[in-house]
Each structure stands twice: as C-alpha cells, then as structure tokens.
Amino acid sequence: LARSSPVVLMTCSDFSGFVMDNHLNRHTYGFIQSRLVPFYLHLGSACAFFNLTIYAVYHPSDLLDDREAFQIFIFFVSVTVAAVNAQWFGQMTSEIMADMHLVEQSCGLGQDIGLSSRLWLYRLLSSLCNLCCIGCNFYSLCYMAENLTTL
C-alpha cells in the first residue's frame with residue numbers, strides 16, 4: 001500500500017487541478033496552486049523515501065539478486081527525482097505563480113508580464129519529474145504484483 005501512495009497522491013492532485021482549472025478564474029487557481037504544490041511535492045518525496053526505506057530494510061544488500069537490485073535503483077531514482085522536483089522545479093513554479101498573481105492583480109495585467117515563459121518551463125520540468133516518478137512507481141507495482149504468492 002505504501003508503494004502505491006505516490007501514484008494515488010499524484011492522480012488525486014492532477015484530478016483536483018483539472019477541476020479547479022475548469023471552475024476557478026486563473027488568478028484564484030494560480031494562487032491556490034502556488035500554496036498547495038510545495039506540500040504535494042514534499043509529501044511525494046516523503047512517500048518515495050518511505051518506499052525505498054521499507055524495501056531496503058526487507059531486502060539486505062548481500063542477498064539481492066539482479067531484479068531486486070534494480071528495484072532498489074528504481075526507488076532511488078524516484079526519491080532523487082521527487083526531491084529535485086520538490087526542492088527546485090516545484091519551488092520555482094510556485095514562486096513564479098505567486099509573483100504572477102501579485103503583479104497581475106496589482107496592475108490588472110494578463111499574461112504579458114514576462115513570467116509566463118519561465119512558468120511554462122518549470123511546469124514542464126516538474127511534470128517530467130512527476131512522469132518519471134509515476135513510471136518508477138508503475139515498475140515497482142508491477143514487480144510487487146509479479147512476486148505476490150497469494151492475493
């Protein structure tokens with residue numbers, strides 16, 4: 001169950017983002033996202049680290065076969081990418097969104113303030129990190145399913 005928690009978290013967050021994007025104005029949506037994204041990303045990092053820790057504790061390094069070693073590597077990649085996303089890409093996205101919100105609100109401007117291209121870049125990088133984590137978790141869930149003895 002702990003291994004699937006980042007996937008569930010990302011799916012719920014993506015769904016809620018879709019709902020908010022379709023029902024809130026851009027300023028409100030951006031403001032909410034700038035406050036919630038850091039928590040979401042740090043929680044995803046914590047879940048990825050928790051998954052790696054649990055797996056490593058129950059699979060001693062001297063007894064690992066090649067598939068188990070690769071599984072540890074996949075968890076490590078997931079932790080690393082999630083941490084980079086939370087500490088850098090997500091933080092920059094949130095800061096740019098908050099800056100855009102404040103500038104647009106105070107000046108009554110739209111997307112012509114010069115931050116949109118930077119925001120797009122960091123959102124893209126953050127989305128790629130999320131996709132990488134989803135891929136790592138998918139592989140981990142498949143590995144776990146292959147190794148279940150009974151359901």
# chains A, B, ... in the order shown; residues from 1 in each chain; ligands from 1

$ residues_around --residues "Phe89 in chain A" --least-positions-apart "3" --cutoff "10 Å" --atoms "only C-alpha atoms" --output "PDB file with N, CA, C and O atoms, in the first residue's frame"
ATOM      1  N   PRO A  38       3.868  23.000  -3.200  1.00  0.00           N
ATOM      2  CA  PRO A  38       5.020  22.591  -2.371  1.00  0.00           C
ATOM      3  C   PRO A  38       4.681  21.462  -1.394  1.00  0.00           C
ATOM      4  O   PRO A  38       5.470  20.532  -1.218  1.00  0.00           O
ATOM      5  N   LEU A  41       4.385  18.164  -3.397  1.00  0.00           N
ATOM      6  CA  LEU A  41       5.669  17.634  -3.847  1.00  0.00           C
ATOM      7  C   LEU A  41       6.496  17.080  -2.693  1.00  0.00           C
ATOM      8  O   LEU A  41       7.165  16.046  -2.833  1.00  0.00           O
ATOM      9  N   ALA A  82      11.937  13.000  -7.189  1.00  0.00           N
ATOM     10  CA  ALA A  82      10.922  13.653  -6.358  1.00  0.00           C
ATOM     11  C   ALA A  82      11.541  14.770  -5.514  1.00  0.00           C
ATOM     12  O   ALA A  82      10.951  15.845  -5.365  1.00  0.00           O
ATOM     13  N   ALA A  83      12.733  14.530  -4.985  1.00  0.00           N
ATOM     14  CA  ALA A  83      13.399  15.554  -4.177  1.00  0.00           C
ATOM     15  C   ALA A  83      13.808  16.758  -5.015  1.00  0.00           C
ATOM     16  O   ALA A  83      13.626  17.913  -4.605  1.00  0.00           O
ATOM     17  N   VAL A  84      14.369  16.514  -6.195  1.00  0.00           N
ATOM     18  CA  VAL A  84      14.737  17.618  -7.098  1.00  0.00           C
ATOM     19  C   VAL A  84      13.494  18.411  -7.476  1.00  0.00           C
ATOM     20  O   VAL A  84      13.504  19.652  -7.475  1.00  0.00           O
ATOM     21  N   ASN A  85      12.420  17.702  -7.778  1.00  0.00           N
ATOM     22  CA  ASN A  85      11.168  18.367  -8.137  1.00  0.00           C
ATOM     23  C   ASN A  85      10.659  19.224  -6.978  1.00  0.00           C
ATOM     24  O   ASN A  85      10.268  20.379  -7.173  1.00  0.00           O
ATOM     25  N   ALA A  86      10.657  18.673  -5.777  1.00  0.00           N
ATOM     26  CA  ALA A  86      10.148  19.404  -4.613  1.00  0.00           C
ATOM     27  C   ALA A  86      11.040  20.591  -4.250  1.00  0.00           C
ATOM     28  O   ALA A  86      10.544  21.669  -3.914  1.00  0.00           O
ATOM     29  N   MET A  92      10.287  26.770  -7.729  1.00  0.00           N
ATOM     30  CA  MET A  92      10.341  27.849  -8.724  1.00  0.00           C
ATOM     31  C   MET A  92       8.980  28.083  -9.358  1.00  0.00           C
ATOM     32  O   MET A  92       8.567  29.224  -9.565  1.00  0.00           O
ATOM     33  N   THR A  93       8.258  27.010  -9.660  1.00  0.00           N
ATOM     34  CA  THR A  93       6.919  27.142 -10.234  1.00  0.00           C
ATOM     35  C   THR A  93       6.013  27.906  -9.276  1.00  0.00           C
ATOM     36  O   THR A  93       5.306  28.829  -9.678  1.00  0.00           O
ATOM     37  N   SER A  94       6.045  27.529  -8.003  1.00  0.00           N
ATOM     38  CA  SER A  94       5.194  28.199  -7.017  1.00  0.00           C
ATOM     39  C   SER A  94       5.567  29.667  -6.852  1.00  0.00           C
ATOM     40  O   SER A  94       4.685  30.531  -6.761  1.00  0.00           O
ATOM     41  N   GLU A  95       6.860  29.963  -6.828  1.00  0.00           N
ATOM     42  CA  GLU A  95       7.291  31.357  -6.685  1.00  0.00           C
ATOM     43  C   GLU A  95       6.871  32.192  -7.892  1.00  0.00           C
ATOM     44  O   GLU A  95       6.398  33.321  -7.741  1.00  0.00           O
ATOM     45  N   LEU A 119       7.439  30.248 -16.223  1.00  0.00           N
ATOM     46  CA  LEU A 119       6.485  29.381 -15.548  1.00  0.00           C
ATOM     47  C   LEU A 119       6.255  28.120 -16.374  1.00  0.00           C
ATOM     48  O   LEU A 119       6.254  27.007 -15.838  1.00  0.00           O
ATOM     49  N   LEU A 121       8.280  26.687 -18.481  1.00  0.00           N
ATOM     50  CA  LEU A 121       9.475  25.844 -18.418  1.00  0.00           C
ATOM     51  C   LEU A 121       9.512  25.034 -17.127  1.00  0.00           C
ATOM     52  O   LEU A 121       9.714  23.812 -17.149  1.00  0.00           O
ATOM     53  N   TYR A 122       9.300  25.692 -15.981  1.00  0.00           N
ATOM     54  CA  TYR A 122       9.360  24.978 -14.708  1.00  0.00           C
ATOM     55  C   TYR A 122       8.187  24.014 -14.540  1.00  0.00           C
ATOM     56  O   TYR A 122       8.332  22.951 -13.944  1.00  0.00           O
ATOM     57  N   ARG A 123       7.029  24.362 -15.074  1.00  0.00           N
ATOM     58  CA  ARG A 123       5.905  23.422 -15.044  1.00  0.00           C
ATOM     59  C   ARG A 123       6.226  22.187 -15.879  1.00  0.00           C
ATOM     60  O   ARG A 123       5.912  21.066 -15.497  1.00  0.00           O
ATOM     61  N   LEU A 124       6.841  22.394 -17.037  1.00  0.00           N
ATOM     62  CA  LEU A 124       7.224  21.277 -17.893  1.00  0.00           C
ATOM     63  C   LEU A 124       8.225  20.373 -17.181  1.00  0.00           C
ATOM     64  O   LEU A 124       8.068  19.145 -17.154  1.00  0.00           O
ATOM     65  N   LEU A 125       9.262  20.960 -16.591  1.00  0.00           N
ATOM     66  CA  LEU A 125      10.269  20.160 -15.885  1.00  0.00           C
ATOM     67  C   LEU A 125       9.658  19.424 -14.700  1.00  0.00           C
ATOM     68  O   LEU A 125       9.967  18.250 -14.451  1.00  0.00           O
ATOM     69  N   SER A 126       8.767  20.092 -13.974  1.00  0.00           N
ATOM     70  CA  SER A 126       8.092  19.460 -12.845  1.00  0.00           C
ATOM     71  C   SER A 126       7.209  18.315 -13.324  1.00  0.00           C
ATOM     72  O   SER A 126       7.170  17.241 -12.711  1.00  0.00           O
ATOM     73  N   SER A 127       6.515  18.519 -14.438  1.00  0.00           N
ATOM     74  CA  SER A 127       5.668  17.455 -14.989  1.00  0.00           C
ATOM     75  C   SER A 127       6.504  16.259 -15.433  1.00  0.00           C
ATOM     76  O   SER A 127       6.100  15.104 -15.238  1.00  0.00           O
ATOM     77  N   CYS A 129       9.334  15.341 -14.113  1.00  0.00           N
ATOM     78  CA  CYS A 129       9.718  14.665 -12.868  1.00  0.00           C
ATOM     79  C   CYS A 129       8.562  13.806 -12.353  1.00  0.00           C
ATOM     80  O   CYS A 129       8.769  12.673 -11.928  1.00  0.00           O
TER      81      CYS A 129
END

$ atom_distance --atom1 "CA of His42 in chain A" --atom2 "CA of Gly135 in chain A"
18.2 Å

$ closest_residue --among "A:Leu148, A:Ile32, A:Val79, A:Ala69" --to "Cys136 in chain A" --atoms "only C-alpha atoms"
A:Val79

$ residues_around --residues "Phe70 in chain A" --least-positions-apart "3" --cutoff "12 Å" --atoms "only C-alpha atoms" --output "list in words"
Leu52, Tyr55, Ala56, His59, Ser61, Leu64, Asp65, Asp66, Arg67, Phe73, Ile74, Phe75, Phe76, Val77, Cys136, Tyr139, Ser140 and Tyr143 of chain A

$ write_last_selection --atoms "all heavy atoms" --output "compact mmCIF listing (two decimals), in the first residue's frame"
# COMPACT_ATOMS: atom_id res chain seq x y z
N LEU A 52 11.50 3.43 -0.48
CA LEU A 52 12.88 2.97 -0.59
C LEU A 52 13.35 2.37 0.74
O LEU A 52 13.95 1.29 0.77
CB LEU A 52 13.81 4.12 -0.99
CG LEU A 52 15.31 3.82 -0.96
CD1 LEU A 52 15.68 2.74 -1.97
CD2 LEU A 52 16.10 5.09 -1.22
N TYR A 55 11.65 -1.06 1.44
CA TYR A 55 12.19 -2.11 0.56
C TYR A 55 13.61 -2.49 0.97
O TYR A 55 13.96 -3.67 1.01
CB TYR A 55 12.14 -1.65 -0.90
CG TYR A 55 12.35 -2.78 -1.86
CD1 TYR A 55 11.31 -3.59 -2.25
CD2 TYR A 55 13.63 -3.03 -2.38
CE1 TYR A 55 11.51 -4.63 -3.14
CE2 TYR A 55 13.82 -4.09 -3.26
CZ TYR A 55 12.76 -4.88 -3.64
OH TYR A 55 12.97 -5.91 -4.50
N ALA A 56 14.43 -1.48 1.25
CA ALA A 56 15.83 -1.75 1.61
C ALA A 56 15.94 -2.52 2.92
O ALA A 56 16.79 -3.40 3.06
CB ALA A 56 16.61 -0.44 1.69
N HIS A 59 15.13 -6.17 2.26
CA HIS A 59 15.96 -6.83 1.24
C HIS A 59 17.43 -6.48 1.49
O HIS A 59 17.96 -5.54 0.90
CB HIS A 59 15.54 -6.39 -0.17
CG HIS A 59 14.17 -6.81 -0.54
ND1 HIS A 59 13.06 -6.10 -0.17
CD2 HIS A 59 13.73 -7.88 -1.23
CE1 HIS A 59 11.98 -6.71 -0.62
NE2 HIS A 59 12.35 -7.80 -1.27
N SER A 61 21.31 -6.06 1.36
CA SER A 61 22.13 -5.89 0.14
C SER A 61 22.94 -7.14 -0.21
O SER A 61 23.16 -7.41 -1.39
CB SER A 61 23.05 -4.69 0.29
OG SER A 61 23.93 -4.88 1.38
N LEU A 64 20.63 -9.62 -2.35
CA LEU A 64 19.88 -9.12 -3.50
C LEU A 64 20.25 -9.85 -4.79
O LEU A 64 21.42 -10.05 -5.07
CB LEU A 64 20.16 -7.62 -3.72
CG LEU A 64 19.63 -6.64 -2.69
CD1 LEU A 64 20.05 -5.22 -3.06
CD2 LEU A 64 18.13 -6.72 -2.56
N ASP A 65 19.23 -10.22 -5.56
CA ASP A 65 19.50 -10.69 -6.92
C ASP A 65 19.46 -9.46 -7.84
O ASP A 65 19.25 -8.34 -7.39
CB ASP A 65 18.51 -11.78 -7.35
CG ASP A 65 17.06 -11.31 -7.41
OD1 ASP A 65 16.82 -10.10 -7.52
OD2 ASP A 65 16.17 -12.18 -7.38
N ASP A 66 19.65 -9.67 -9.13
CA ASP A 66 19.72 -8.54 -10.07
C ASP A 66 18.42 -7.76 -10.13
O ASP A 66 18.42 -6.53 -10.19
CB ASP A 66 20.09 -9.03 -11.47
CG ASP A 66 21.54 -9.47 -11.55
OD1 ASP A 66 22.33 -9.09 -10.68
OD2 ASP A 66 21.87 -10.20 -12.52
N ARG A 67 17.28 -8.43 -10.12
CA ARG A 67 15.99 -7.74 -10.19
C ARG A 67 15.73 -6.92 -8.93
O ARG A 67 15.20 -5.83 -9.00
CB ARG A 67 14.86 -8.74 -10.43
CG ARG A 67 14.94 -9.33 -11.83
CD ARG A 67 13.69 -10.03 -12.23
NE ARG A 67 12.62 -9.03 -12.36
CZ ARG A 67 11.35 -9.33 -12.36
NH1 ARG A 67 10.95 -10.56 -12.24
NH2 ARG A 67 10.44 -8.39 -12.48
N PHE A 73 17.37 0.44 -7.21
CA PHE A 73 17.78 1.54 -8.09
C PHE A 73 16.57 2.36 -8.52
O PHE A 73 16.61 3.60 -8.51
CB PHE A 73 18.52 0.98 -9.31
CG PHE A 73 18.81 2.01 -10.36
CD1 PHE A 73 19.82 2.96 -10.16
CD2 PHE A 73 18.07 2.06 -11.53
CE1 PHE A 73 20.08 3.92 -11.12
CE2 PHE A 73 18.32 3.02 -12.49
CZ PHE A 73 19.32 3.96 -12.28
N ILE A 74 15.47 1.70 -8.90
CA ILE A 74 14.25 2.41 -9.31
C ILE A 74 13.73 3.26 -8.16
O ILE A 74 13.34 4.42 -8.36
CB ILE A 74 13.18 1.40 -9.79
CG1 ILE A 74 13.59 0.78 -11.12
CG2 ILE A 74 11.80 2.04 -9.90
CD1 ILE A 74 13.65 1.76 -12.27
N PHE A 75 13.70 2.71 -6.97
CA PHE A 75 13.26 3.51 -5.81
C PHE A 75 14.18 4.70 -5.58
O PHE A 75 13.73 5.80 -5.25
CB PHE A 75 13.20 2.65 -4.54
CG PHE A 75 11.97 1.81 -4.43
CD1 PHE A 75 12.06 0.47 -4.13
CD2 PHE A 75 10.71 2.36 -4.60
CE1 PHE A 75 10.92 -0.31 -4.01
CE2 PHE A 75 9.57 1.60 -4.48
CZ PHE A 75 9.68 0.25 -4.18
N PHE A 76 15.49 4.49 -5.74
CA PHE A 76 16.44 5.58 -5.55
C PHE A 76 16.22 6.68 -6.59
O PHE A 76 16.25 7.87 -6.26
CB PHE A 76 17.88 5.05 -5.62
CG PHE A 76 18.91 6.11 -5.40
CD1 PHE A 76 19.14 6.61 -4.13
CD2 PHE A 76 19.63 6.63 -6.47
CE1 PHE A 76 20.09 7.62 -3.93
CE2 PHE A 76 20.57 7.63 -6.27
CZ PHE A 76 20.80 8.11 -5.00
N VAL A 77 15.99 6.29 -7.85
CA VAL A 77 15.69 7.27 -8.90
C VAL A 77 14.44 8.05 -8.53
O VAL A 77 14.39 9.28 -8.65
CB VAL A 77 15.54 6.59 -10.28
CG1 VAL A 77 14.94 7.53 -11.31
CG2 VAL A 77 16.88 6.06 -10.76
N CYS A 136 8.46 5.03 -12.31
CA CYS A 136 9.16 4.24 -11.30
C CYS A 136 8.17 3.50 -10.41
O CYS A 136 8.36 2.31 -10.11
CB CYS A 136 10.04 5.15 -10.43
SG CYS A 136 11.49 5.81 -11.27
N TYR A 139 6.60 0.59 -12.35
CA TYR A 139 7.51 -0.55 -12.41
C TYR A 139 7.53 -1.28 -11.06
O TYR A 139 7.49 -2.51 -11.01
CB TYR A 139 8.92 -0.10 -12.79
CG TYR A 139 9.89 -1.25 -12.76
CD1 TYR A 139 10.00 -2.11 -13.85
CD2 TYR A 139 10.67 -1.51 -11.64
CE1 TYR A 139 10.86 -3.20 -13.82
CE2 TYR A 139 11.53 -2.60 -11.59
CZ TYR A 139 11.62 -3.43 -12.69
OH TYR A 139 12.47 -4.51 -12.64
N SER A 140 7.57 -0.51 -9.98
CA SER A 140 7.61 -1.12 -8.65
C SER A 140 6.34 -1.91 -8.35
O SER A 140 6.40 -2.99 -7.78
CB SER A 140 7.80 -0.03 -7.58
OG SER A 140 9.03 0.60 -7.76
N TYR A 143 6.48 -5.11 -10.34
CA TYR A 143 7.42 -6.03 -9.70
C TYR A 143 6.76 -6.68 -8.48
O TYR A 143 6.86 -7.89 -8.27
CB TYR A 143 8.69 -5.29 -9.30
CG TYR A 143 9.67 -6.14 -8.54
CD1 TYR A 143 10.55 -6.99 -9.20
CD2 TYR A 143 9.72 -6.10 -7.16
CE1 TYR A 143 11.43 -7.79 -8.50
CE2 TYR A 143 10.60 -6.89 -6.44
CZ TYR A 143 11.46 -7.73 -7.12
OH TYR A 143 12.33 -8.51 -6.43

$ closest_residue --among "A:Leu43, A:Val37, A:Val81, A:Val57" --to "Cys132 in chain A" --atoms "only C-alpha atoms"
A:Val81

$ closest_residue --among "A:Met20, A:Leu131, A:Val103, A:Glu68" --to "Gln33 in chain A" --atoms "only C-alpha atoms"
A:Met20

$ atom_distance --atom1 "CA of Gly30 in chain A" --atom2 "CA of Ser78 in chain A"
26.8 Å

$ decode --residues "range 36-71 of chain A" --atoms "N, CA and C atoms" --output "PDB file, in the first residue's frame"
ATOM      1  N   LEU A  36      -0.377  25.127  -2.590  1.00  0.00           N
ATOM      2  CA  LEU A  36      -0.538  23.684  -2.378  1.00  0.00           C
ATOM      3  C   LEU A  36       0.558  22.834  -3.006  1.00  0.00           C
ATOM      4  N   VAL A  37       1.108  23.261  -4.137  1.00  0.00           N
ATOM      5  CA  VAL A  37       2.100  22.448  -4.858  1.00  0.00           C
ATOM      6  C   VAL A  37       3.300  22.083  -3.981  1.00  0.00           C
ATOM      7  N   PRO A  38       3.868  23.000  -3.200  1.00  0.00           N
ATOM      8  CA  PRO A  38       5.020  22.591  -2.371  1.00  0.00           C
ATOM      9  C   PRO A  38       4.681  21.462  -1.394  1.00  0.00           C
ATOM     10  N   PHE A  39       3.506  21.514  -0.780  1.00  0.00           N
ATOM     11  CA  PHE A  39       3.116  20.445   0.149  1.00  0.00           C
ATOM     12  C   PHE A  39       2.955  19.116  -0.580  1.00  0.00           C
ATOM     13  N   TYR A  40       2.317  19.170  -1.712  1.00  0.00           N
ATOM     14  CA  TYR A  40       2.102  17.969  -2.529  1.00  0.00           C
ATOM     15  C   TYR A  40       3.440  17.343  -2.931  1.00  0.00           C
ATOM     16  N   LEU A  41       4.385  18.164  -3.397  1.00  0.00           N
ATOM     17  CA  LEU A  41       5.669  17.634  -3.847  1.00  0.00           C
ATOM     18  C   LEU A  41       6.496  17.080  -2.693  1.00  0.00           C
ATOM     19  N   HIS A  42       6.482  17.746  -1.550  1.00  0.00           N
ATOM     20  CA  HIS A  42       7.232  17.237  -0.402  1.00  0.00           C
ATOM     21  C   HIS A  42       6.613  15.947   0.144  1.00  0.00           C
ATOM     22  N   LEU A  43       5.299  15.853   0.096  1.00  0.00           N
ATOM     23  CA  LEU A  43       4.656  14.617   0.512  1.00  0.00           C
ATOM     24  C   LEU A  43       5.024  13.480  -0.440  1.00  0.00           C
ATOM     25  N   GLY A  44       5.081  13.768  -1.740  1.00  0.00           N
ATOM     26  CA  GLY A  44       5.510  12.769  -2.714  1.00  0.00           C
ATOM     27  C   GLY A  44       6.944  12.319  -2.464  1.00  0.00           C
ATOM     28  N   SER A  45       7.826  13.258  -2.117  1.00  0.00           N
ATOM     29  CA  SER A  45       9.218  12.912  -1.785  1.00  0.00           C
ATOM     30  C   SER A  45       9.276  12.017  -0.558  1.00  0.00           C
ATOM     31  N   ALA A  46       8.493  12.366   0.450  1.00  0.00           N
ATOM     32  CA  ALA A  46       8.478  11.566   1.680  1.00  0.00           C
ATOM     33  C   ALA A  46       7.985  10.151   1.395  1.00  0.00           C
ATOM     34  N   CYS A  47       6.937  10.020   0.571  1.00  0.00           N
ATOM     35  CA  CYS A  47       6.424   8.686   0.221  1.00  0.00           C
ATOM     36  C   CYS A  47       7.470   7.879  -0.541  1.00  0.00           C
ATOM     37  N   ALA A  48       8.152   8.512  -1.485  1.00  0.00           N
ATOM     38  CA  ALA A  48       9.189   7.820  -2.256  1.00  0.00           C
ATOM     39  C   ALA A  48      10.315   7.351  -1.334  1.00  0.00           C
ATOM     40  N   PHE A  49      10.732   8.206  -0.402  1.00  0.00           N
ATOM     41  CA  PHE A  49      11.784   7.835   0.549  1.00  0.00           C
ATOM     42  C   PHE A  49      11.310   6.694   1.454  1.00  0.00           C
ATOM     43  N   PHE A  50      10.065   6.773   1.892  1.00  0.00           N
ATOM     44  CA  PHE A  50       9.483   5.734   2.732  1.00  0.00           C
ATOM     45  C   PHE A  50       9.484   4.394   1.993  1.00  0.00           C
ATOM     46  N   ASN A  51       9.110   4.410   0.719  1.00  0.00           N
ATOM     47  CA  ASN A  51       9.111   3.184  -0.095  1.00  0.00           C
ATOM     48  C   ASN A  51      10.509   2.586  -0.200  1.00  0.00           C
ATOM     49  N   LEU A  52      11.500   3.433  -0.485  1.00  0.00           N
ATOM     50  CA  LEU A  52      12.881   2.967  -0.589  1.00  0.00           C
ATOM     51  C   LEU A  52      13.345   2.367   0.735  1.00  0.00           C
ATOM     52  N   THR A  53      13.046   3.037   1.816  1.00  0.00           N
ATOM     53  CA  THR A  53      13.477   2.578   3.138  1.00  0.00           C
ATOM     54  C   THR A  53      12.870   1.215   3.477  1.00  0.00           C
ATOM     55  N   ILE A  54      11.569   1.079   3.268  1.00  0.00           N
ATOM     56  CA  ILE A  54      10.895  -0.194   3.570  1.00  0.00           C
ATOM     57  C   ILE A  54      11.495  -1.319   2.726  1.00  0.00           C
ATOM     58  N   TYR A  55      11.655  -1.062   1.441  1.00  0.00           N
ATOM     59  CA  TYR A  55      12.188  -2.109   0.562  1.00  0.00           C
ATOM     60  C   TYR A  55      13.612  -2.488   0.968  1.00  0.00           C
ATOM     61  N   ALA A  56      14.434  -1.477   1.252  1.00  0.00           N
ATOM     62  CA  ALA A  56      15.832  -1.745   1.609  1.00  0.00           C
ATOM     63  C   ALA A  56      15.938  -2.518   2.923  1.00  0.00           C
ATOM     64  N   VAL A  57      15.091  -2.212   3.878  1.00  0.00           N
ATOM     65  CA  VAL A  57      15.129  -2.910   5.169  1.00  0.00           C
ATOM     66  C   VAL A  57      14.788  -4.388   5.000  1.00  0.00           C
ATOM     67  N   TYR A  58      13.830  -4.674   4.145  1.00  0.00           N
ATOM     68  CA  TYR A  58      13.395  -6.066   3.968  1.00  0.00           C
ATOM     69  C   TYR A  58      14.170  -6.824   2.891  1.00  0.00           C
ATOM     70  N   HIS A  59      15.132  -6.173   2.263  1.00  0.00           N
ATOM     71  CA  HIS A  59      15.957  -6.830   1.239  1.00  0.00           C
ATOM     72  C   HIS A  59      17.428  -6.480   1.486  1.00  0.00           C
ATOM     73  N   PRO A  60      18.087  -7.221   2.364  1.00  0.00           N
ATOM     74  CA  PRO A  60      19.505  -6.947   2.674  1.00  0.00           C
ATOM     75  C   PRO A  60      20.369  -6.963   1.413  1.00  0.00           C
ATOM     76  N   SER A  61      21.313  -6.057   1.355  1.00  0.00           N
ATOM     77  CA  SER A  61      22.127  -5.891   0.140  1.00  0.00           C
ATOM     78  C   SER A  61      22.936  -7.139  -0.215  1.00  0.00           C
ATOM     79  N   ASP A  62      23.341  -7.907   0.768  1.00  0.00           N
ATOM     80  CA  ASP A  62      24.142  -9.096   0.457  1.00  0.00           C
ATOM     81  C   ASP A  62      23.304 -10.247  -0.098  1.00  0.00           C
ATOM     82  N   LEU A  63      21.970 -10.136  -0.021  1.00  0.00           N
ATOM     83  CA  LEU A  63      21.090 -11.189  -0.533  1.00  0.00           C
ATOM     84  C   LEU A  63      20.324 -10.777  -1.786  1.00  0.00           C
ATOM     85  N   LEU A  64      20.626  -9.622  -2.349  1.00  0.00           N
ATOM     86  CA  LEU A  64      19.876  -9.119  -3.503  1.00  0.00           C
ATOM     87  C   LEU A  64      20.247  -9.850  -4.788  1.00  0.00           C
ATOM     88  N   ASP A  65      19.227 -10.218  -5.561  1.00  0.00           N
ATOM     89  CA  ASP A  65      19.500 -10.694  -6.918  1.00  0.00           C
ATOM     90  C   ASP A  65      19.458  -9.461  -7.844  1.00  0.00           C
ATOM     91  N   ASP A  66      19.654  -9.675  -9.130  1.00  0.00           N
ATOM     92  CA  ASP A  66      19.719  -8.542 -10.067  1.00  0.00           C
ATOM     93  C   ASP A  66      18.420  -7.758 -10.130  1.00  0.00           C
ATOM     94  N   ARG A  67      17.281  -8.433 -10.124  1.00  0.00           N
ATOM     95  CA  ARG A  67      15.989  -7.739 -10.193  1.00  0.00           C
ATOM     96  C   ARG A  67      15.727  -6.922  -8.934  1.00  0.00           C
ATOM     97  N   GLU A  68      16.088  -7.463  -7.781  1.00  0.00           N
ATOM     98  CA  GLU A  68      15.906  -6.729  -6.532  1.00  0.00           C
ATOM     99  C   GLU A  68      16.842  -5.524  -6.468  1.00  0.00           C
ATOM    100  N   ALA A  69      18.051  -5.680  -6.970  1.00  0.00           N
ATOM    101  CA  ALA A  69      18.986  -4.552  -7.020  1.00  0.00           C
ATOM    102  C   ALA A  69      18.452  -3.461  -7.948  1.00  0.00           C
ATOM    103  N   PHE A  70      17.867  -3.879  -9.067  1.00  0.00           N
ATOM    104  CA  PHE A  70      17.278  -2.899  -9.982  1.00  0.00           C
ATOM    105  C   PHE A  70      16.077  -2.218  -9.333  1.00  0.00           C
ATOM    106  N   GLN A  71      15.321  -2.962  -8.549  1.00  0.00           N
ATOM    107  CA  GLN A  71      14.183  -2.378  -7.838  1.00  0.00           C
ATOM    108  C   GLN A  71      14.659  -1.292  -6.862  1.00  0.00           C
TER     109      GLN A  71
END
